[in-house]
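Q: Below: one structure in structure tokens.
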Amino acid sequence: MPKQVDHAARRAEIAHAALRLCAQDGLAGVSIGRVAQEAGVSKGLVQHYFAAKADLLRASAHLLRQEIERHVRAALRDADSPADTLRCTLLAIVELGARAPVLLLAGHAFLARTVADPDVRGLYRAGGDAVHREIAALVAATASEPGVDAGAEAHVLLGLARGLADGVLVGELGVAEAAAVLDHQLGRISLRTDV
């Protein structure tokens, strides 16, 4: 009986290899041959699943988004209020610098790609817009001061979390220090913790 192959798992394995190379060398360092070597498979197998490098990069960008969302969802398991969910979501982004540096570095590589590739730009924007809407809704649900611009605060908080993730990645500060900065900013917008 022929061996059953899980094609989705094989595609994901190859896309993970491409993400590792993106993180290590940027998108320019990704080639079919290097991905095959990193994944421990033949070039022909990579080309069986991905006709061209652009197809492989798009699949890797999708995988990157899924992996970041998985990290955030895992961080939210114990959140018990909108304020806690807001803090845990932002802290999960910050912690990418320590817990998932490959995802953070690959994300930076793909950010540059968004200028030239409308498909990757659409994926990047869709993910960014979705997380912005979620953060803005949590800010609106927890802000104790009237007139807080939830959309603007969501942009500030996301920008801060992304910058802190980079700081953690390069060792400018630890996760605990970054969390203290994040808490300072959350306190600035006077979040209610009773919701």
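Note on naming: chains are A, B, ... as they come in the structure tokens, residues start from 1 per chain, ligands start from 1 in the order shown.
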Would you kindly return, as a VMD selection string, each protein, DNA or RNA residue with an atom no farther than 10 Å from any atom of A:Gly26, considering only C-alpha atoms and excluding same-chain residues fewer than 2 positions away?
A: chain A and resid 18 to 24 28 to 30 105 to 110 112 to 113
Q: My list of candidates is A:Val41, A:Ala12, A:Val94, A:Val72. Which is closest to A:Ser60 when distances are computed with only C-alpha atoms?
A: A:Ala12
Q: Which one is closest to A:Val139: A:Val170, A:Val115, A:Ala51, A:Ile189? Count only C-alpha atoms.
A: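 That would be A:Ile189, the residue with the smallest distance to A:Val139.
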Q: What is the distance between atom CA of A:Leu103 and atom CA of A:Leu64, in Å to one decimal?
A: 6.4 Å
Q: Using only C-alpha atoms, which of the listed residues (A:Arg73, A:Lys43, A:Arg99, A:Arg125) sits closest to A:Gly174?
A: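 The closest residue to A:Gly174 is A:Arg99.
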